[in-house]
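Next comes target38.txt, a file with compact mmCIF, C-alpha atoms.
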# COMPACT_ATOMS: atom_id res chain seq x y z
CA MET A 1 21.11 -101.97 89.76
CA MET A 2 22.67 -105.20 90.86
CA MET A 3 20.44 -108.03 92.03
CA MET A 4 21.87 -110.01 94.89
CA GLY A 5 20.60 -113.21 96.40
CA LEU A 6 21.00 -114.76 99.80
CA PHE A 7 20.56 -118.50 99.66
CA SER A 8 21.69 -121.86 100.91
CA VAL A 9 23.86 -123.98 98.66
CA GLY A 10 23.69 -126.86 101.06
CA ALA A 11 23.14 -127.22 104.74
CA PRO A 12 24.38 -126.08 107.09
CA THR A 13 25.99 -122.93 105.66
CA GLN A 14 24.10 -119.80 104.58
CA THR A 15 25.70 -117.88 101.74
CA LEU A 16 25.41 -114.60 99.91
CA ARG A 17 25.92 -114.92 96.17
CA ASP A 18 26.06 -112.46 93.35
CA VAL A 19 23.27 -113.70 91.11
CA ALA A 20 23.65 -110.82 88.68
CA ALA A 21 27.15 -111.68 87.50
CA THR A 22 25.80 -112.73 84.12
CA SER A 23 23.06 -110.13 83.83
CA GLY A 24 25.02 -107.04 82.90
CA ALA A 25 26.12 -106.13 86.40
CA PRO A 26 28.87 -103.56 86.80
CA SER A 27 32.28 -105.14 86.51
CA SER A 28 34.23 -103.09 89.02
CA ASN A 29 33.75 -101.97 92.60
CA ALA A 30 34.01 -98.32 91.57
CA ASP A 31 30.86 -98.72 89.50
CA ILE A 32 28.65 -99.78 92.41
CA SER A 33 29.98 -98.59 95.75
CA ASN A 34 31.85 -95.83 97.49
CA SER A 35 35.40 -96.26 98.68
CA PRO A 36 35.84 -98.85 101.43
CA VAL A 37 34.94 -97.91 104.97
CA SER A 38 36.74 -99.22 108.04
CA ALA A 39 34.45 -101.68 109.79
CA LYS A 40 35.34 -100.17 113.18
CA VAL A 41 34.47 -96.65 111.96
CA LEU A 42 31.26 -97.99 110.42
CA MET A 43 30.20 -99.69 113.66
CA GLY A 44 30.74 -96.37 115.44
CA GLN A 45 27.98 -95.00 113.21
CA PHE A 46 25.45 -97.69 114.14
CA SER A 47 22.79 -95.35 115.48
CA LYS A 48 19.53 -96.06 117.25
CA ASP A 49 17.78 -96.12 113.85
CA ILE A 50 20.26 -98.62 112.41
CA VAL A 51 19.89 -100.86 115.47
CA LYS A 52 16.12 -100.57 114.99
CA ALA A 53 16.63 -101.90 111.43
CA PHE A 54 18.59 -104.87 112.85
CA ARG A 55 15.59 -105.59 115.09
CA ALA A 56 13.19 -105.42 112.14
CA ALA A 57 15.36 -107.80 110.12
CA TRP A 58 15.59 -110.19 113.07
CA TYR A 59 11.79 -110.24 113.38
CA HIS A 60 11.39 -110.76 109.61
CA ALA A 61 13.65 -113.80 110.02
CA ALA A 62 11.55 -115.09 112.94
CA LYS A 63 14.46 -114.43 115.32
CA GLY A 64 16.51 -117.02 113.47
CA SER A 65 14.03 -119.83 114.06
CA ALA A 66 12.73 -120.03 110.48
CA SER A 67 14.34 -120.63 107.12
CA VAL A 68 13.48 -117.14 105.83
CA GLU A 69 16.29 -114.58 105.65
CA ALA A 70 16.44 -110.83 106.08
CA VAL A 71 18.92 -108.22 104.87
CA VAL A 72 19.89 -104.72 106.00
CA LEU A 73 21.94 -102.54 103.67
CA ILE A 74 23.95 -99.71 105.18
CA ILE A 75 23.99 -96.75 102.80
CA ARG A 76 26.35 -93.78 103.07
CA LYS A 77 24.53 -90.52 102.48
CA ALA A 78 26.10 -87.47 100.81
CA ASP A 79 26.77 -85.86 104.20
CA GLY A 80 28.77 -88.91 105.32
CA SER A 81 26.14 -90.23 107.70
CA CYS A 82 24.74 -93.74 107.36
CA VAL A 83 21.21 -95.01 106.99
CA ALA A 84 19.84 -98.55 107.10
CA VAL A 85 17.64 -99.83 104.29
CA LEU A 86 15.62 -103.02 104.63
CA PRO A 87 14.62 -104.52 101.31
CA GLU A 88 11.06 -105.82 101.28
CA PRO A 89 10.84 -109.34 102.74
CA THR A 90 10.75 -111.94 99.99
CA ARG A 91 9.59 -114.90 102.09
CA GLN A 92 12.08 -117.03 100.19
CA HIS A 93 13.42 -120.03 102.06
CA TYR A 94 17.19 -119.87 102.63
CA GLN A 95 17.32 -117.03 100.15
CA PHE A 96 16.80 -113.29 99.98
CA SER A 97 17.05 -111.30 96.77
CA PHE A 98 17.57 -107.57 96.73
CA ASN A 99 18.78 -104.80 94.47
CA TRP A 100 22.25 -103.46 95.15
CA MET A 101 21.88 -99.77 95.94
CA PRO A 102 24.39 -97.04 95.11
CA GLY A 103 26.20 -95.96 98.26
CA THR A 104 26.01 -99.40 99.88
CA ILE A 105 28.91 -99.66 102.31
CA ALA A 106 27.92 -102.78 104.29
CA VAL A 107 25.67 -105.81 104.00
CA ILE A 108 24.10 -107.27 107.11
CA HIS A 109 22.01 -110.41 106.96
CA THR A 110 20.50 -113.02 109.24
CA HIS A 111 21.55 -116.62 109.58
CA PRO A 112 19.18 -119.23 111.06
CA ASN A 113 20.01 -120.25 114.61
CA ASP A 114 20.89 -123.82 113.65
CA TYR A 115 23.43 -122.79 110.98
CA ASN A 116 27.00 -121.55 111.18
CA PRO A 117 26.72 -117.99 112.54
CA ARG A 118 29.85 -116.70 110.80
CA PRO A 119 29.86 -115.28 107.27
CA ALA A 120 30.14 -118.16 104.83
CA GLU A 121 32.67 -118.53 102.03
CA ALA A 122 30.31 -116.97 99.47
CA ASP A 123 29.56 -114.09 101.90
CA ILE A 124 33.29 -113.43 102.10
CA ALA A 125 33.62 -113.53 98.31
CA ILE A 126 30.93 -110.83 97.97
CA ALA A 127 32.55 -108.70 100.69
CA ASP A 128 35.92 -108.95 98.94
CA ARG A 129 34.48 -108.27 95.49
CA PHE A 130 32.52 -105.19 96.54
CA ARG A 131 34.89 -104.10 99.31
CA VAL A 132 32.12 -103.90 101.91
CA PRO A 133 32.04 -105.38 105.40
CA MET A 134 29.76 -108.41 105.66
CA PHE A 135 27.88 -108.93 108.93
CA THR A 136 25.69 -111.78 110.13
CA LEU A 137 22.96 -111.43 112.74
CA THR A 138 22.47 -114.57 114.83
CA SER A 139 21.28 -115.64 118.26
CA THR A 140 24.89 -116.41 119.22
CA GLY A 141 26.23 -113.02 118.23
CA MET A 142 26.90 -110.61 115.41
CA PHE A 143 29.82 -111.59 113.22
CA LEU A 144 31.82 -109.48 110.80
CA TYR A 145 34.03 -110.31 107.88
CA ASP A 146 36.17 -107.25 107.15
CA PRO A 147 37.51 -107.29 103.57
CA THR A 148 40.21 -104.78 104.53
CA THR A 149 41.81 -107.04 107.14
CA LYS A 150 40.53 -110.39 105.78
CA ILE A 151 39.49 -111.29 109.35
CA THR A 152 36.20 -112.69 110.62
CA SER A 153 35.34 -111.81 114.20
CA ARG A 154 32.47 -111.69 116.66
CA VAL A 155 31.59 -108.03 117.27
CA GLN A 156 28.68 -108.56 119.68
CA ASP A 157 27.73 -111.48 121.93
CA GLY A 158 24.32 -113.13 121.83
CA THR A 159 21.72 -110.62 120.72
CA ASP A 160 23.56 -107.62 122.21
CA TRP A 161 23.54 -106.18 118.68
CA LEU A 162 19.86 -105.35 119.37
CA ILE A 163 20.83 -102.96 122.19
CA ASN A 164 21.85 -99.46 121.10
CA SER A 165 24.11 -98.85 124.13
CA LYS A 166 26.22 -101.93 123.25
CA TRP A 167 27.55 -100.00 120.22
CA ALA A 168 29.01 -97.21 122.42
CA ARG A 169 32.41 -98.91 122.56
CA TYR A 170 32.82 -98.33 118.80
CA ARG A 171 31.84 -94.66 118.96
CA ARG A 172 34.50 -91.98 119.37

Here is a file; write its structure as structure tokens.
Amino acid sequence: MMMMGLFSVGAPTQTLRDVAATSGAPSSNADISNSPVSAKVLMGQFSKDIVKAFRAAWYHAAKGSASVEAVVLIIRKADGSCVAVLPEPTRQHYQFSFNWMPGTIAVIHTHPNDYNPRPAEADIAIADRFRVPMFTLTSTGMFLYDPTTKITSRVQDGTDWLINSKWARYRR
């Protein structure tokens, strides 16, 4: 398994960094994840249960008002459906460590309200390396860096990402 860490390298940006690069981590994307998934297709699969996981992560992060972080991993199951996995809270300040899970097709994590809401440079590097969309959950919106298009965009305003019906526009 690959250990990942979410931490702050210096205010005000939150970053996601691969802390296992020197600990025998797999060296290629094929070793640790499935083929890339279109972010738009993925968002169409954000079900009530996945939105519930966003809510749990947001509460673990004190709704962005504290320095603790939370992560949601989106895992593709054998039948093609997606499930959200919340690693146990670590109570680390400006950091969250978790094990990379086989089948991970997206990483979603919180950013404190007083920090840049968009995925940081290190978040983007992880998304590019592992070919997975990188999302941030913030009070000002949900942001996405899509490694396929190399574009960062706001996909939901405010905390609309907590409302299941707001994902309908991405569903077919």

(message) Given only C-alpha atoms as the basis, pick out the residue of A:Gln92, A:Ser97, A:Thr159, A:Ser38 nearest to A:Leu137.
(response) A:Thr159

Test item: residues at most 12 Å from A:Asp157, only C-alpha atoms, excluding those fewer than 2 positions along its chain, as a short mmCIF file (atom, residue, chain, number, x, y, z; two decimals) with C-alpha atoms, in the coordinates of the input:
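What ended up in part.cif:
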data_model
loop_
_atom_site.label_atom_id
_atom_site.label_comp_id
_atom_site.auth_asym_id
_atom_site.auth_seq_id
_atom_site.Cartn_x
_atom_site.Cartn_y
_atom_site.Cartn_z
CA PRO A 117 26.72 -117.99 112.54
CA THR A 136 25.69 -111.78 110.13
CA LEU A 137 22.96 -111.43 112.74
CA THR A 138 22.47 -114.57 114.83
CA SER A 139 21.28 -115.64 118.26
CA THR A 140 24.89 -116.41 119.22
CA GLY A 141 26.23 -113.02 118.23
CA MET A 142 26.90 -110.61 115.41
CA PHE A 143 29.82 -111.59 113.22
CA SER A 153 35.34 -111.81 114.20
CA ARG A 154 32.47 -111.69 116.66
CA VAL A 155 31.59 -108.03 117.27
CA THR A 159 21.72 -110.62 120.72
CA ASP A 160 23.56 -107.62 122.21
CA TRP A 161 23.54 -106.18 118.68
CA LEU A 162 19.86 -105.35 119.37
CA ILE A 163 20.83 -102.96 122.19
CA LYS A 166 26.22 -101.93 123.25
CA TRP A 167 27.55 -100.00 120.22
#

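Shell of stretch 60-68 of chain A at 8 Å, with only C-alpha atoms counted and residues fewer than 4 places along the chain excluded, is Ala56, Pro89, Arg91, Gln92, His93, Tyr94, Gln95, Phe96, Thr110, His111, Pro112, Asn113, Asp114, Thr138 and Ser139 of chain A.
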
(message) One decimal, in Å: what's the spacing between atom CA of A:Pro102 and atom CA of A:Ser165?
(response) 29.1 Å

(request) Would you mind reading off the distance between atom CA of A:Leu42 and atom CA of A:Asn116, one decimal, in Å? (result)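 Between atom CA of A:Leu42 and atom CA of A:Asn116 the gap works out to 24.0 Å.
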
(message) Could you tell me how far atom CA of A:Thr104 sits from atom CA of A:Gly158, in Å to one decimal place?
(response)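 Computing the Euclidean distance for atom CA of A:Gly158 and atom CA of A:Thr104 yields 25.9 Å.
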